[in-house]
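Shown here: entry_16.csv, CSV, C-alpha atoms.
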```csv
chain,number,residue,atom,x,y,z
A,1,MET,CA,13.5,129.0,-67.9
A,2,THR,CA,13.0,129.5,-64.2
A,3,ASP,CA,9.4,128.6,-64.6
A,4,ILE,CA,10.2,125.4,-66.4
A,5,ILE,CA,12.6,124.4,-63.6
A,6,LEU,CA,10.0,125.2,-61.0
A,7,LEU,CA,7.4,123.1,-63.0
A,8,LEU,CA,9.7,120.1,-63.1
A,9,GLN,CA,10.4,120.5,-59.4
A,10,ASN,CA,6.7,120.5,-58.6
A,11,PHE,CA,6.1,117.5,-60.8
A,12,VAL,CA,8.9,115.5,-59.2
A,13,SER,CA,7.8,116.5,-55.8
A,14,LEU,CA,4.2,115.3,-56.4
A,15,PHE,CA,5.5,112.1,-58.1
A,16,LEU,CA,7.8,111.3,-55.1
A,17,GLU,CA,5.0,111.9,-52.6
A,18,SER,CA,2.4,109.7,-54.4
A,19,ALA,CA,4.7,106.8,-55.5
A,20,PRO,CA,4.8,104.6,-52.4
A,21,TRP,CA,1.1,105.0,-51.7
A,22,LEU,CA,0.2,104.3,-55.3
A,23,LEU,CA,2.4,101.1,-55.3
A,24,LEU,CA,0.7,100.0,-52.1
A,25,GLY,CA,-2.7,100.6,-53.6
A,26,LEU,CA,-1.8,98.8,-56.8
A,27,LEU,CA,-0.7,95.8,-54.7
A,28,VAL,CA,-3.8,95.7,-52.6
A,29,ALA,CA,-6.0,96.2,-55.7
A,30,GLY,CA,-4.2,93.2,-57.3
A,31,VAL,CA,-5.0,91.0,-54.3
A,32,MET,CA,-8.6,92.1,-54.4
A,33,HIS,CA,-8.8,91.4,-58.1
A,34,GLU,CA,-7.8,87.8,-57.5
A,35,LEU,CA,-10.1,87.2,-54.5
A,36,VAL,CA,-13.3,88.9,-55.5
A,37,PRO,CA,-14.8,87.0,-58.5
A,38,VAL,CA,-17.4,88.6,-60.8
A,39,SER,CA,-19.8,85.8,-59.9
A,40,PHE,CA,-19.9,87.0,-56.3
A,41,LEU,CA,-21.0,90.4,-57.5
A,42,GLU,CA,-23.7,89.0,-59.7
A,43,ARG,CA,-25.1,86.9,-56.8
A,44,HIS,CA,-25.6,89.9,-54.5
A,45,MET,CA,-26.9,92.5,-57.0
A,46,GLY,CA,-29.9,90.9,-58.7
A,47,SER,CA,-32.8,92.7,-57.0
A,48,ASN,CA,-34.2,96.1,-56.3
A,49,SER,CA,-34.0,95.7,-52.6
A,50,SER,CA,-32.3,98.1,-50.2
A,51,ALA,CA,-29.9,95.3,-49.3
A,52,SER,CA,-28.9,94.8,-53.0
A,53,ILE,CA,-28.4,98.5,-53.6
A,54,THR,CA,-26.3,98.8,-50.5
A,55,LYS,CA,-24.2,95.7,-51.3
A,56,ALA,CA,-23.6,97.0,-54.8
A,57,ALA,CA,-22.2,100.3,-53.3
A,58,VAL,CA,-20.1,98.6,-50.6
A,59,ILE,CA,-18.7,95.9,-52.9
A,60,GLY,CA,-17.9,98.4,-55.7
A,61,ALA,CA,-16.1,100.9,-53.5
A,62,PRO,CA,-12.8,99.1,-53.0
A,63,LEU,CA,-12.6,97.5,-56.5
A,64,PRO,CA,-9.7,98.6,-58.7
A,65,LEU,CA,-11.8,99.7,-61.7
A,66,CYS,CA,-11.5,103.1,-63.3
A,67,SER,CA,-14.3,105.2,-64.8
A,68,CYS,CA,-13.7,103.5,-68.1
A,69,GLY,CA,-13.0,100.1,-66.8
A,70,VAL,CA,-16.2,99.9,-64.8
A,71,ILE,CA,-18.3,100.0,-68.0
A,72,PRO,CA,-17.9,96.4,-69.2
A,73,ALA,CA,-18.1,95.1,-65.7
A,74,ALA,CA,-21.4,96.9,-65.0
A,75,LEU,CA,-22.7,95.8,-68.5
A,76,GLY,CA,-21.9,92.2,-67.6
A,77,LEU,CA,-23.7,92.5,-64.3
A,78,ARG,CA,-26.7,94.1,-65.9
A,79,ARG,CA,-27.0,91.5,-68.6
A,80,SER,CA,-26.5,88.7,-66.0
A,81,GLY,CA,-29.6,89.8,-64.1
A,82,ALA,CA,-28.5,92.7,-61.9
A,83,SER,CA,-31.3,95.3,-61.3
A,84,LYS,CA,-31.2,98.9,-62.6
A,85,PRO,CA,-30.8,100.4,-59.1
A,86,SER,CA,-28.0,98.0,-58.1
A,87,THR,CA,-26.2,98.5,-61.4
A,88,VAL,CA,-26.4,102.3,-61.0
A,89,SER,CA,-25.2,102.0,-57.4
A,90,PHE,CA,-22.2,100.0,-58.6
A,91,LEU,CA,-21.5,102.4,-61.4
A,92,VAL,CA,-21.3,105.4,-59.0
A,93,SER,CA,-19.4,103.7,-56.1
A,94,THR,CA,-16.7,101.8,-58.1
A,95,PRO,CA,-15.0,104.6,-60.0
A,96,GLU,CA,-15.4,107.2,-57.3
A,97,THR,CA,-13.0,105.5,-54.9
A,98,GLY,CA,-10.8,102.4,-54.5
A,99,VAL,CA,-8.0,101.1,-52.4
A,100,ASP,CA,-5.4,102.8,-54.6
A,101,SER,CA,-7.1,106.2,-54.6
A,102,VAL,CA,-7.6,106.2,-50.8
A,103,SER,CA,-3.9,105.7,-50.3
A,104,VAL,CA,-2.9,108.3,-52.8
A,105,SER,CA,-5.5,110.7,-51.3
A,106,TYR,CA,-3.9,110.3,-47.9
A,107,ALA,CA,-0.5,111.0,-49.4
A,108,LEU,CA,-1.4,114.0,-51.5
A,109,LEU,CA,-4.5,115.5,-49.8
A,110,GLY,CA,-4.2,114.5,-46.2
A,111,PRO,CA,-6.2,112.2,-43.8
A,112,LEU,CA,-9.5,114.1,-44.0
A,113,PHE,CA,-10.0,113.5,-47.7
A,114,ALA,CA,-8.8,109.9,-47.3
A,115,ILE,CA,-11.7,109.4,-44.9
A,116,VAL,CA,-14.4,111.5,-46.4
A,117,ARG,CA,-13.9,110.4,-50.0
A,118,PRO,CA,-14.8,106.7,-49.7
A,119,ILE,CA,-17.7,107.5,-47.3
A,120,ALA,CA,-19.1,110.0,-49.8
A,121,ALA,CA,-18.7,107.5,-52.6
A,122,VAL,CA,-20.7,104.8,-50.9
A,123,VAL,CA,-23.4,107.1,-49.6
A,124,SER,CA,-23.8,108.8,-53.0
A,125,ALA,CA,-24.0,105.4,-54.7
A,126,ILE,CA,-26.7,104.2,-52.4
A,127,TYR,CA,-28.6,107.5,-53.0
A,128,ALA,CA,-28.3,107.1,-56.8
A,129,GLY,CA,-29.6,103.6,-56.5
A,130,PHE,CA,-32.6,104.6,-54.5
A,131,MET,CA,-33.3,107.5,-56.9
A,132,VAL,CA,-33.5,105.0,-59.8
A,133,ARG,CA,-35.6,102.6,-57.6
A,134,TRP,CA,-38.1,105.3,-56.7
A,135,PHE,CA,-38.5,107.3,-59.9
A,136,ASP,CA,-37.6,104.9,-62.8
A,137,THR,CA,-40.4,102.4,-62.7
A,138,GLU,CA,-40.6,101.6,-66.4
A,139,ARG,CA,-39.2,98.2,-67.4
A,140,VAL,CA,-36.6,98.5,-70.2
A,141,ALA,CA,-35.5,95.4,-72.0
A,142,THR,CA,-31.9,94.7,-71.8
A,143,SER,CA,-30.2,95.5,-75.0
A,144,SER,CA,-28.2,92.9,-76.8
A,145,GLN,CA,-26.3,95.4,-78.8
A,146,PRO,CA,-22.7,96.1,-77.9
A,147,VAL,CA,-21.8,99.4,-76.3
A,148,SER,CA,-19.5,101.5,-78.4
A,149,SER,CA,-16.8,102.8,-76.1
A,150,CYS,CA,-13.1,102.5,-75.4
A,151,CYS,CA,-14.0,99.8,-72.9
A,152,SER,CA,-16.3,97.7,-75.0
A,153,SER,CA,-15.9,94.1,-74.3
A,154,GLN,CA,-16.9,93.2,-77.8
A,155,LYS,CA,-14.5,91.9,-80.3
A,156,ALA,CA,-13.8,93.7,-83.5
A,157,LYS,CA,-13.0,92.2,-86.9
A,158,ALA,CA,-9.9,93.4,-88.5
A,159,PRO,CA,-9.9,94.0,-92.3
A,160,THR,CA,-9.6,90.8,-94.2
A,161,SER,CA,-6.5,90.2,-96.2
A,162,CYS,CA,-6.4,88.7,-99.7
A,163,CYS,CA,-6.1,85.1,-98.5
A,164,SER,CA,-7.2,84.9,-94.9
A,165,GLU,CA,-10.4,84.8,-92.9
A,166,PRO,CA,-11.3,87.8,-90.8
A,167,VAL,CA,-9.0,88.1,-87.8
A,168,VAL,CA,-10.7,88.6,-84.5
A,169,VAL,CA,-9.0,91.3,-82.4
A,170,GLU,CA,-9.6,91.5,-78.7
A,171,ASP,CA,-10.0,95.0,-77.3
A,172,THR,CA,-7.5,95.3,-74.5
A,173,CYS,CA,-8.4,98.8,-73.3
A,174,CYS,CA,-10.0,97.5,-70.2
A,175,ALA,CA,-9.2,93.8,-70.3
A,176,SER,CA,-8.7,93.9,-66.5
A,177,THR,CA,-12.4,94.1,-66.0
A,178,THR,CA,-13.2,90.8,-67.6
A,179,ALA,CA,-12.6,87.4,-66.1
A,180,ASP,CA,-9.0,86.5,-66.0
A,181,LYS,CA,-8.3,84.0,-68.8
A,182,SER,CA,-5.8,82.3,-66.7
A,183,ASP,CA,-8.5,81.1,-64.4
A,184,SER,CA,-9.8,78.7,-67.1
A,185,ALA,CA,-6.3,77.6,-68.3
A,186,PRO,CA,-6.2,73.8,-68.2
A,187,ALA,CA,-2.6,73.6,-67.1
A,188,LYS,CA,0.4,75.6,-65.9
A,189,ALA,CA,-1.7,78.5,-64.6
A,190,PRO,CA,0.5,81.1,-62.8
A,191,ASN,CA,0.2,81.1,-59.0
A,192,LYS,CA,-1.8,83.7,-57.2
A,193,VAL,CA,1.3,85.8,-56.2
A,194,THR,CA,2.3,86.0,-59.9
A,195,GLN,CA,-1.2,86.9,-61.0
A,196,VAL,CA,-1.5,89.6,-58.4
A,197,LEU,CA,1.9,91.2,-59.3
A,198,ARG,CA,1.2,90.8,-63.1
A,199,TYR,CA,-2.2,92.5,-62.8
A,200,ALA,CA,-1.1,95.3,-60.5
A,201,SER,CA,2.0,96.2,-62.4
A,202,GLY,CA,0.4,95.5,-65.8
A,203,GLN,CA,-3.2,96.0,-66.8
A,204,LEU,CA,-4.3,98.1,-63.8
A,205,LEU,CA,-1.3,100.4,-64.0
A,206,GLU,CA,-1.7,100.7,-67.7
A,207,ASP,CA,-5.4,101.7,-67.2
A,208,ILE,CA,-4.5,104.7,-65.0
A,209,MET,CA,-0.9,105.7,-65.9
A,210,LEU,CA,-1.8,108.1,-68.7
A,211,TRP,CA,-4.3,110.1,-66.7
A,212,LEU,CA,-2.1,109.9,-63.6
A,213,LEU,CA,0.8,111.5,-65.5
A,214,ILE,CA,-1.5,114.1,-67.0
A,215,GLY,CA,-3.0,114.8,-63.6
A,216,LEU,CA,0.5,115.2,-62.0
A,217,ALA,CA,1.6,117.5,-64.9
A,218,LEU,CA,-1.5,119.7,-64.7
A,219,ALA,CA,-1.3,119.9,-60.9
A,220,ALA,CA,2.3,121.0,-61.2
A,221,ALA,CA,1.3,123.5,-63.9
A,222,ILE,CA,-1.4,124.9,-61.7
A,223,GLN,CA,1.0,125.3,-58.8
A,224,THR,CA,3.5,127.0,-61.0
A,225,TRP,CA,1.4,129.3,-63.2
A,226,VAL,CA,-2.2,129.7,-62.0
A,227,PRO,CA,-2.8,132.7,-59.8
A,228,THR,CA,-4.4,131.9,-56.5
A,229,ASP,CA,-7.4,134.2,-57.3
A,230,PHE,CA,-8.2,132.5,-60.6
A,231,LEU,CA,-10.3,129.7,-59.2
A,232,THR,CA,-11.2,131.4,-55.9
A,233,ARG,CA,-13.1,134.1,-57.8
A,234,TRP,CA,-15.9,131.6,-58.1
A,235,GLY,CA,-16.2,131.6,-54.3
A,236,ASP,CA,-17.0,128.6,-52.0
A,237,GLY,CA,-20.7,128.3,-52.9
A,238,LEU,CA,-23.0,126.7,-55.4
A,239,VAL,CA,-21.5,128.3,-58.5
A,240,ALA,CA,-17.9,127.0,-57.7
A,241,MET,CA,-19.2,123.5,-57.0
A,242,LEU,CA,-21.3,123.4,-60.2
A,243,VAL,CA,-18.3,124.6,-62.2
A,244,MET,CA,-16.2,121.8,-60.8
A,245,ALA,CA,-19.0,119.3,-61.4
A,246,PHE,CA,-19.3,120.2,-65.1
A,247,ILE,CA,-15.5,120.2,-65.5
A,248,GLY,CA,-15.4,116.7,-64.2
A,249,ILE,CA,-18.5,115.1,-65.8
A,250,PRO,CA,-17.2,114.7,-69.4
A,251,MET,CA,-13.6,113.7,-68.4
A,252,TYR,CA,-12.2,110.2,-68.8
A,253,ILE,CA,-10.4,110.1,-65.4
A,254,CYS,CA,-10.1,107.6,-62.6
A,255,ALA,CA,-10.2,108.2,-58.9
A,256,THR,CA,-6.4,107.8,-58.6
A,257,ALA,CA,-5.5,110.1,-61.5
A,258,SER,CA,-8.0,112.8,-60.4
A,259,THR,CA,-6.1,113.2,-57.1
A,260,PRO,CA,-3.1,115.1,-58.4
A,261,LEU,CA,-5.5,117.5,-60.1
A,262,ALA,CA,-7.3,118.0,-56.8
A,263,VAL,CA,-3.9,118.9,-55.3
A,264,GLY,CA,-3.5,121.7,-57.8
A,265,PHE,CA,-7.0,123.0,-57.3
A,266,LEU,CA,-6.4,123.1,-53.5
A,267,ALA,CA,-3.1,124.9,-54.0
A,268,ALA,CA,-4.8,127.4,-56.2
A,269,GLY,CA,-7.1,128.3,-53.4
A,270,LEU,CA,-10.3,126.4,-54.2
A,271,SER,CA,-12.4,125.3,-51.2
A,272,PRO,CA,-12.2,121.7,-50.0
A,273,GLY,CA,-15.9,121.2,-50.7
A,274,ALA,CA,-15.5,122.3,-54.4
A,275,VAL,CA,-12.5,120.0,-54.8
A,276,LEU,CA,-14.5,117.1,-53.3
A,277,VAL,CA,-17.2,117.8,-56.0
A,278,PHE,CA,-14.6,117.3,-58.7
A,279,LEU,CA,-13.3,114.1,-57.0
A,280,MET,CA,-16.8,112.7,-57.0
A,281,ALA,CA,-18.2,113.8,-60.3
A,282,GLY,CA,-15.1,113.4,-62.4
A,283,PRO,CA,-14.5,109.6,-62.0
A,284,ALA,CA,-18.2,108.7,-61.8
A,285,THR,CA,-19.2,110.1,-65.2
A,286,ASN,CA,-17.8,110.2,-68.7
A,287,VAL,CA,-19.2,110.0,-72.2
A,288,SER,CA,-18.9,106.2,-72.5
A,289,THR,CA,-20.6,105.6,-69.1
A,290,MET,CA,-23.5,107.9,-70.1
A,291,GLY,CA,-23.8,106.2,-73.5
A,292,MET,CA,-24.0,102.8,-71.9
A,293,ILE,CA,-26.6,103.8,-69.3
A,294,LYS,CA,-28.8,105.4,-72.0
A,295,GLN,CA,-28.6,102.3,-74.3
A,296,GLU,CA,-29.0,99.6,-71.6
A,297,MET,CA,-31.3,101.3,-69.1
A,298,GLY,CA,-32.9,104.2,-70.9
A,299,MET,CA,-32.8,108.0,-70.9
A,300,LYS,CA,-34.8,108.3,-67.7
A,301,THR,CA,-32.2,106.3,-65.8
A,302,LEU,CA,-29.4,108.4,-67.3
A,303,ALA,CA,-31.1,111.6,-66.2
A,304,LEU,CA,-31.5,110.2,-62.7
A,305,TYR,CA,-27.9,109.1,-62.7
A,306,LEU,CA,-26.5,112.5,-63.6
A,307,PHE,CA,-28.8,114.3,-61.2
A,308,SER,CA,-27.8,112.0,-58.4
A,309,VAL,CA,-24.1,112.4,-59.0
A,310,VAL,CA,-24.2,116.2,-59.2
A,311,SER,CA,-26.6,116.7,-56.3
A,312,ALA,CA,-24.8,114.2,-54.1
A,313,SER,CA,-21.4,115.7,-54.8
A,314,VAL,CA,-22.6,119.3,-54.2
A,315,GLY,CA,-24.3,118.2,-51.0
A,316,PHE,CA,-21.1,116.5,-49.7
A,317,GLY,CA,-19.2,119.6,-50.8
A,318,TYR,CA,-21.3,121.8,-48.6
A,319,LEU,CA,-21.0,119.3,-45.8
A,320,LEU,CA,-17.2,119.1,-46.0
A,321,ASN,CA,-16.9,122.9,-46.0
A,322,ALA,CA,-19.2,123.2,-43.0
A,323,MET,CA,-17.2,120.5,-41.1
A,324,VAL,CA,-13.8,122.2,-41.9
A,325,SER,CA,-15.2,125.5,-40.7
A,326,GLN,CA,-17.1,124.3,-37.6
A,327,PHE,CA,-14.4,121.9,-36.3
A,328,SER,CA,-11.3,123.7,-37.6
A,329,LEU,CA,-10.2,120.6,-39.6
A,330,GLN,CA,-7.9,122.6,-42.0
A,331,HIS,CA,-4.8,121.0,-40.5
A,332,LEU,CA,-6.1,117.6,-41.7
A,333,ILE,CA,-6.0,118.8,-45.3
A,334,GLN,CA,-2.7,118.9,-47.3
A,335,THR,CA,-2.1,121.0,-50.3
A,336,GLY,CA,0.6,120.8,-52.9
A,337,SER,CA,2.3,123.8,-51.3
A,338,ALA,CA,2.7,121.9,-48.1
A,339,LEU,CA,3.8,118.4,-48.9
A,340,HIS,CA,5.1,116.2,-46.2
A,341,THR,CA,8.7,116.6,-45.0
A,342,HIS,CA,10.5,113.3,-44.2
A,343,GLY,CA,13.7,112.2,-42.6
A,344,ALA,CA,16.6,110.9,-44.7
A,345,ASN,CA,15.7,107.3,-44.4
A,346,VAL,CA,12.0,107.9,-45.3
A,347,GLN,CA,13.1,110.1,-48.2
A,348,ALA,CA,15.3,107.2,-49.5
A,349,ILE,CA,12.3,104.9,-49.4
A,350,TYR,CA,10.1,107.4,-51.2
A,351,ALA,CA,12.8,107.9,-53.8
A,352,LEU,CA,13.2,104.1,-54.3
A,353,CYS,CA,9.4,103.7,-54.7
A,354,ALA,CA,9.4,106.5,-57.3
A,355,ILE,CA,12.2,104.8,-59.2
A,356,VAL,CA,10.2,101.5,-59.2
A,357,LEU,CA,7.0,103.2,-60.3
A,358,ALA,CA,8.8,105.1,-63.0
A,359,GLY,CA,10.4,101.9,-64.2
A,360,LEU,CA,7.1,100.1,-64.4
A,361,ILE,CA,5.5,103.0,-66.4
A,362,ILE,CA,8.5,103.1,-68.8
A,363,ARG,CA,8.3,99.4,-69.2
A,364,LEU,CA,4.6,99.5,-70.1
A,365,TYR,CA,5.1,102.3,-72.6
A,366,TYR,CA,8.0,100.4,-74.1
A,367,LEU,CA,5.9,97.2,-74.5
A,368,GLN,CA,3.1,99.3,-76.1
A,369,PHE,CA,5.5,100.9,-78.5
A,370,SER,CA,7.2,97.6,-79.4
A,371,ALA,CA,3.9,95.9,-80.0
A,372,ARG,CA,2.7,98.7,-82.3
A,373,PHE,CA,6.0,98.8,-84.1
A,374,ALA,CA,5.9,95.1,-84.7
A,375,THR,CA,2.4,95.2,-86.0
A,376,GLN,CA,3.3,98.0,-88.5
A,377,ALA,CA,6.5,96.3,-89.6
A,378,LYS,CA,4.8,93.0,-90.4
A,379,PRO,CA,4.3,92.6,-94.1
A,380,ALA,CA,0.7,92.6,-95.0
A,381,SER,CA,1.1,89.7,-97.6
A,382,SER,CA,3.3,87.5,-95.4
A,383,CYS,CA,0.4,85.1,-94.8
A,384,CYS,CA,0.3,84.4,-98.6
A,385,ALA,CA,4.0,83.9,-99.1
A,386,SER,CA,3.6,80.2,-99.8
A,387,GLU,CA,1.0,80.6,-102.5
```

Give the structure from the file, written as structure tokens.
Amino acid sequence: MTDIILLLQNFVSLFLESAPWLLLGLLVAGVMHELVPVSFLERHMGSNSSASITKAAVIGAPLPLCSCGVIPAALGLRRSGASKPSTVSFLVSTPETGVDSVSVSYALLGPLFAIVRPIAAVVSAIYAGFMVRWFDTERVATSSQPVSSCCSSQKAKAPTSCCSEPVVVEDTCCASTTADKSDSAPAKAPNKVTQVLRYASGQLLEDIMLWLLIGLALAAAIQTWVPTDFLTRWGDGLVAMLVMAFIGIPMYICATASTPLAVGFLAAGLSPGAVLVFLMAGPATNVSTMGMIKQEMGMKTLALYLFSVVSASVGFGYLLNAMVSQFSLQHLIQTGSALHTHGANVQAIYALCAIVLAGLIIRLYYLQFSARFATQAKPASSCCASE
């Protein structure tokens, strides 16, 4: 019973610490979503040039797209004429970091990770783009087949009823990555402020909230139950970093949701470099991303993509460990066992932000449950009642 209470205390502490920064990141991400149209991305990513690869990395870094949500966006860019190297650069940079993950990194991991993480994301993305440019010279025709993933932008046909035409159902898993339908509405389109708030508190939060909560829970569990020598037995070298890379590669997790897990790893005694490997490799890769790359750009591009992600993350892991050791930067890294202490007024603000964030999450789960219940409760033959 004591362990359960300690687990809940650790979870609440992490949630309180991350809430204001996550809300700020969501707000900024919503603003960026309204001000950076997809057409702008397509215009600057259409060639194999160094400038195009660099632009793809820099443009993708702050965008509020998760490792799953980036798939249809990158697919649209590729089929709109973006080159392989630029598409790969965008695929690496976009999910590895973002305005929301930087703010949460500062809150939970400290200023060093908040600075190193976006820099590592951009540099590793440019490196991956150049690897594809240099070693993938074959020309692969763009596939017209839909990518099967949780983020596929294709529409699925629902089973036909006895008296109706097939019903087209739009996949809303990552609807945030497609063009906002309100942009083409002929009249009564909501204003920009409404669109920003609606997106930030709706689709974007919905995309990350499950893994965010899982990450917070696992981080709290690691702090509560995992002995400090469990992860540190791998050491600080190549083996530890490769273990963290291969833990992160198959996971469906975004940059923001991976941060609480990193807190747990740090609290368990893992080196900052090994944790950075997880923060880079986890969001940048998952099964759907790898499937899309293989189908659209070929197996050679996929192999180069995975090699670039793993080698870049390990390289930056070694570099971070060397920096921390050489310049005594440990005080710039925060672990779950040493969360910030605040005055009464600041604690009240943090508590208020946590209440707001919890309310938004509960609201989204309620809407999901209501929609699912309404769909199940609707009689299957109601459309034929008049016959």

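Restricting the calculation to all atoms listed in the file, the smallest distance between A:Phe15 and any of A:Trp211, A:Tyr305, A:Tyr106, A:Tyr350 is found for A:Tyr350.
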
ask   = Smallest atom-to-atom distance to A:Ala322: which of A:Asp236, A:Asp207, A:Leu23, A:Cys254, using only C-alpha atoms?
value = A:Asp236

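Proximity ranking of A:Trp225, A:Phe246, A:Phe327, A:Tyr127 relative to A:Ala312 places A:Tyr127 first, based on only C-alpha atoms.
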
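Separating atom CA of A:Asn286 from atom CA of A:Thr259 is a distance of 16.7 Å.
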
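With only C-alpha atoms as the atoms that count, the residue of A:Ile53, A:Val116, A:Val88, A:Ala221 with the shortest distance to A:Leu8 is A:Ala221.
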
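Going from atom CA of A:Ile214 to atom CA of A:Ala74 covers 26.4 Å.
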
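Of the listed residues A:Ile222, A:Leu266, A:Met45, A:Leu24, the one whose atoms come nearest to A:Val356 is A:Leu24, with distances taken using all atoms listed in the file.
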
What would the file be for stretch 358-369 of chain A if you keep N, CA and C atoms and write it as a PDB file, in the first residue's frame?
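Final output, saved to decode_4.pdb:
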```pdb
ATOM      1  N   ALA A 358      -5.740  18.498 -16.949  1.00  0.00           N
ATOM      2  CA  ALA A 358      -6.518  17.305 -16.609  1.00  0.00           C
ATOM      3  C   ALA A 358      -7.947  17.425 -17.122  1.00  0.00           C
ATOM      4  N   GLY A 359      -8.534  18.622 -17.011  1.00  0.00           N
ATOM      5  CA  GLY A 359      -9.884  18.845 -17.513  1.00  0.00           C
ATOM      6  C   GLY A 359      -9.979  18.657 -19.020  1.00  0.00           C
ATOM      7  N   LEU A 360      -8.988  19.146 -19.750  1.00  0.00           N
ATOM      8  CA  LEU A 360      -8.983  18.990 -21.208  1.00  0.00           C
ATOM      9  C   LEU A 360      -8.843  17.523 -21.598  1.00  0.00           C
ATOM     10  N   ILE A 361      -8.005  16.792 -20.877  1.00  0.00           N
ATOM     11  CA  ILE A 361      -7.824  15.374 -21.181  1.00  0.00           C
ATOM     12  C   ILE A 361      -9.099  14.594 -20.885  1.00  0.00           C
ATOM     13  N   ILE A 362      -9.710  14.871 -19.733  1.00  0.00           N
ATOM     14  CA  ILE A 362     -10.966  14.195 -19.376  1.00  0.00           C
ATOM     15  C   ILE A 362     -12.051  14.507 -20.400  1.00  0.00           C
ATOM     16  N   ARG A 363     -12.096  15.773 -20.847  1.00  0.00           N
ATOM     17  CA  ARG A 363     -13.092  16.175 -21.852  1.00  0.00           C
ATOM     18  C   ARG A 363     -12.914  15.381 -23.149  1.00  0.00           C
ATOM     19  N   LEU A 364     -11.660  15.234 -23.598  1.00  0.00           N
ATOM     20  CA  LEU A 364     -11.417  14.500 -24.836  1.00  0.00           C
ATOM     21  C   LEU A 364     -11.797  13.029 -24.701  1.00  0.00           C
ATOM     22  N   TYR A 365     -11.468  12.422 -23.567  1.00  0.00           N
ATOM     23  CA  TYR A 365     -11.844  11.025 -23.367  1.00  0.00           C
ATOM     24  C   TYR A 365     -13.367  10.881 -23.284  1.00  0.00           C
ATOM     25  N   TYR A 366     -14.037  11.855 -22.687  1.00  0.00           N
ATOM     26  CA  TYR A 366     -15.498  11.816 -22.615  1.00  0.00           C
ATOM     27  C   TYR A 366     -16.113  11.911 -24.009  1.00  0.00           C
ATOM     28  N   LEU A 367     -15.568  12.812 -24.845  1.00  0.00           N
ATOM     29  CA  LEU A 367     -16.078  12.954 -26.212  1.00  0.00           C
ATOM     30  C   LEU A 367     -15.852  11.679 -27.009  1.00  0.00           C
ATOM     31  N   GLN A 368     -14.690  11.058 -26.834  1.00  0.00           N
ATOM     32  CA  GLN A 368     -14.422   9.800 -27.528  1.00  0.00           C
ATOM     33  C   GLN A 368     -15.388   8.710 -27.098  1.00  0.00           C
ATOM     34  N   PHE A 369     -15.605   8.618 -25.790  1.00  0.00           N
ATOM     35  CA  PHE A 369     -16.521   7.603 -25.266  1.00  0.00           C
ATOM     36  C   PHE A 369     -17.950   7.856 -25.742  1.00  0.00           C
TER      37      PHE A 369
END
```
